[in-house]
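Shown next, in structure tokens, is the structure this report addresses.
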Amino acid sequence: MVSGLAPPADVIVPVGPVVPEPSASGILEELRGRAVDLAPVERAFELARRCHAGQIRKSGEPYLMHPLRVAETITRIGLDVDSVVASLLHDAVEDSDLSIFDVTEGFGPQVASLVDGVTKLGKVPYLSRQEQQAESFRKMLLAMSQDIRVLLVKLADRLDNMRTLEHMPLDKQLRIARETMEIYAPLANRLGIQWLHAELQDLSFRYLEPAIYRDVSAKIEALRASDAGFVERGLGQLRTAFSAVSPCPAELTEESATVTASTTAGTTTAGTTTAGTTAHDPRDADQDRVFWSDQRFGPVELRATLRTPYQFYKLAEDVDTEIDKPSALVSFQIVTRDRASCYNALGVLHGSFTPVPGHFRDYVALPRPNRYQALHTAVINRNGVRLELQIRSLAMDAVAERGIVAEWQRGGLKDGGWQRLSWLEGLMDWQGEVQDPHEFIEAVKAELFADEVYVFTPEGDIHTFPKGATPIDFAFAVHTNIGVHCSGARVNGHLVPLRYQMRQGDTIEILTNPAPCVRQEWLKMCHTSRARARIKQLLRQGERLRLRGLGRSLLEQELTDRGRTLAEFEELGLVARRAAEFDLGKDLRDVPGADGLYEAVGSGQLASRRVADALAPVQEPNADDSLIRRMFRRMSGRKVSARTGPLGLPTEGAPGSPMMITRERTESAGAGQPMIQLAPCCSPVPGDPLIGYFSPGKGIVAHVETCAEALERLEERRVYLAWAPDLELDAAAIVEVRTANSVGLLAEMSRAFSLCGMNIKQANCRTYDNGVRAINTFHTSVKTLSQLSSLMRTLKNIPGVLGVERVFSRSASVPSGD
């Protein structure tokens with residue numbers, strides 16, 4: 001078309017606002033000041049333009065605007081050219097025919113790896129099915145461990161999505177805002193990028209709680225309007241404090257200086273805020289500053305930061321009271337030359353104002369896990385108003401604003417430094433051991449959101465833990481082996497229980513025991529995901545060992561009934577070969593050898609009879625004969641004489657011999673149920689005739705032969721048991737004594753317990769027959785049946801005692817043996 005001529009009639013001239021053509025000029029202008037090669041950025045922009053040609057976002061703008069804004073954010077926080085190029089192309093592979101191979105050919109493996117990492121994270125949405133969410137986050141952890149820039153690009157991508165979220169449907173707004181609040185914002189905090197963390201939180205808060213957000217925003221505006229000069233007065237008082245130490249140079253007098261206050265939602269100059277959506281950039285070149293020259297702290301910069309609505313909302317929740325003063329909105333930053341100057345400046349401020357007790361925090365000596373450093377304090381000015389102060393050096397200020405990027409720019413994170421982030425190492429360390437998706441995601445959230453406490457080893461090494469952590473967490477953090485053998489702890493030289501919650505500055509010393517000490521109850525005491533994952537792993541291992549031992553014992557008893565021994569089949573390797581013939585389930589298919597078979601039997605997945613049939617098949621007996629044998633065994637409560645030796649004692653190892661009850665088999669090592677449980681309904685005592693049943697999930701349960709509950713379970717899988725010789729246990733027993741209602745008789749019965757070396761745990765005495773007789777029920781603890789029988793004989797010999805018997809919880813009784 002020739003300039004100055006009207007368009008032809010068939011050409012439609014668009015009417016309305018003209019969308020500006022996307023341009024990378026801002027990015028290129030920013031990068032020119034760094035003396036870097038701009039050619040890759042220009043080529044990446046042209047490639048992104050072609051890949052996204054014709055694509056429109058929900059807002060109606062060209063899709064290219066999105067990767068362009070992501071790249072602008074990456075440029076602004078100071079990342080390198082490869083990161084900027086990856087930002088421009090981060091959606092191109094997913095939304096066009098561009099492949100990772102093409103990116104590698106055009107821009108090199110570094111850019112391709114970043115693009116691939118971000119692309120993988122976007123393919124599976126968070127907060128969909130839990131399995132997908134967990135798998136997606138595992139991919140993020142892997143990508144982060146290889147190159148943290150993947151996460152930085154993803155955070156910049158999420159920031160732009162949150163800034164344009166109003167164009168999405170309501171359900172997607174809530175889903176995206178929730179995952180941003182729960183995952184992305186905490187990750188930004190862990191990277192130390194405070195302005196990004198604050199803005200992601202605030203944007204999420206706007207959509208998750210719109211009514212509260214509006215109320216809080218209105219409250220903030222009202223407080224600011226109530227005292228519009230508060231920020232400038234506070235800055236002036238701080239200037240005066242430093243001026244009193246060393247007067248300002250002539251070229252930086254108060255009349256000619258302008259102090260800049262910044263907020264995460266806009267920029268405030270001389271106490272006046274201009275609303276905006278771009279967070280404060282600490283490197284803005286047009287920022288006026290006030291400096292004081294002094295040999296002790298060099299130049300000093302003052303700033304003021306306004307709390308966002310979400311930060312104000314959380315503050316009101318924490319203090320649990322109405323906030324009605326503008327001072328609660330603002331924190332003041334004092335930026336000095338170096339670390340030593342921070343402490344000098346603190347002395348000046350505490351000397352000029354009244355410090356608020358309990359509000360001093362030294363994050364210079366004890367940095368936070370995201371490497372943030374500053375001195376935090378609060379003072380009361382001469383007008384009785386509290387000022388919150390943050391004192392940091394220039395290097396600390398850079399880390400506070402740009403986090404990990406500032407350290408990367410200084411060269412502090414090269415040669416694998418990304419992987420040396422302690423919190424990232426912690427996540428990578430235990431994430432593979434947590435299989436349950438819900439448990440995994442909740443554990444990650446707990447790790448990211450936790451407040452921290454700082455504690456020390458006796459050698460002075462510092463460790464950081466989430467608030468509420470216990471010595472168990474400390475032990476597993478130092479070394480898994482120390483956690484396994486942890487038996488106690490000293491805090492500041494004093495013995496404490498393992499449930500003790502560590503406090504700031506505690507010195508922790510772990511006491512160990514040669515034997516493993518892990519207990520099920522530790523899961524309720526520990527607080528860190530690392531310790532919890534380790535404990536669960538150890539408990540699972542202990543439980544599997546218990547099940548294998550139980551399964552082996554059951555199979556061994558089944559084979560001895562057939563006149564064979566398990567050892568002979570193990571020597572020939574037949575057990576391992578037969579294991580392949582059974583379907584052991586997906587959890588046991590990878591267990592080598594016979595262990596999987598034993599575990600299946602011990603857990604009840606596979607009957608020991610089936611395995612014995614495969615190893616030593618026998619001729620099926622006549623049905624009538626089999627029935628008669630079963631009835632005889634039930635009536636007698638004992639096996640045939642093959643189970644006893646010459647003196648009538650059970651022998652282990654003979655064909656059909658019973659399983660011996662030992663102390664080790666009745667006690668839990670802390671990693672699950674014991675192999676043999678003594679039934680609480682009848683509380684068997686060493687020496688009682690026994691009957692046992694295999695119960696899947698519990699193991700073998702031993703009852704007294706005449707226990708009513710045992711008689712109801714005759715059809716279940718029976719296990720033949722016998723007490724180990726000379727076994728003594730602290731077993732519960734109930735003795736009922738019927739007496740005449742005579743004076744002093746209770747004292748005589750108590751003396752009988754004492755003579756037999758037994759203690760009365762509980763006694764219940766009641767009269768009947770118009771007060772003539774009494775029933776006395778005693779709860780005690782005995783070691784053997786002979787000790788119980790001796791007690792009962794002693795009680796019977798007391799004048800006035802009419803009868804003595806042992807009773808059970810379900811009224812089943814057993815002869816005393818007298």
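Identifiers in this document derive from the order of the structure tokens: chains are assigned A, B, ..., residues are numbered from 1 separately in each chain, and ligands are numbered from 1 in order of occurrence.
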Residue contacts of A:Asn764 (7 Å, only C-alpha atoms) excluding same-chain residues fewer than 5 positions away, as a list of chain:residue names: A:Asn776, A:Thr777, A:Phe778
Residue neighbourhood stretch 538-550 of chain A, 9 Å, only C-alpha atoms, exclusion window fewer than 5 positions, as a ChimeraX atom specification: /A:484,518-520,533,555,595-603,669-676,699-700
From A:Glu72, A:Asp160, A:Glu182, A:Asp95, residue lying nearest A:Cys51 [only C-alpha atoms]: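 Under the stated criterion, the closest residue is A:Asp95.
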8 Å contact set for A:Tyr500, only C-alpha atoms, chain neighbours under 3 positions out, as a PyMOL selection string: chain A and resi 470-471+496-497
Atom pair atom CA of A:Pro684 / atom CA of A:Leu746: separation (Å): 26.6 Å
Atomic separation - atom CA of A:Lys314 relative to atom CA of A:Asp506, Å: 27.8 Å
Residues of stretch 24-119 of chain A in helix (DSSP H, G or I), written as a ChimeraX atom specification: /A:25-32,39-51,65-76,81-89,92-95,100-107,109-119
Separation of atom CA of A:Ile508 from atom CA of A:Thr464 in Å: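 These atoms are spaced 12.1 Å apart.
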DSSP strand (DSSP E) residues within stretch 446-523 of chain A, listed as a list in words: Glu452, Val453, Tyr454, Val455, Phe456, Ile462, His463, Thr464, Phe465, Pro466, Cys486, Ser487, Gly488, Ala489, Arg490, Val491, His494, Leu495, Val496, Ile508, Glu509, Ile510, Leu511 and Thr512 of chain A
Long-range neighbours of A:Cys486 as a ChimeraX atom specification, 7 Å cut-off, only C-alpha atoms, 5 positions minimum in chain: /A:475,510-513,517
Would you export the selected residues with C-alpha atoms as a short mmCIF file (atom, residue, chain, number, x, y, z; two decimals), in the first residue's frame, please?
data_model
loop_
_atom_site.label_atom_id
_atom_site.label_comp_id
_atom_site.auth_asym_id
_atom_site.auth_seq_id
_atom_site.Cartn_x
_atom_site.Cartn_y
_atom_site.Cartn_z
CA ALA A 475 20.26 -38.14 66.11
CA ILE A 510 22.98 -38.23 72.04
CA LEU A 511 23.43 -41.32 74.24
CA THR A 512 23.67 -44.59 72.33
CA ASN A 513 23.21 -48.28 73.03
CA CYS A 517 16.67 -48.89 69.94
#
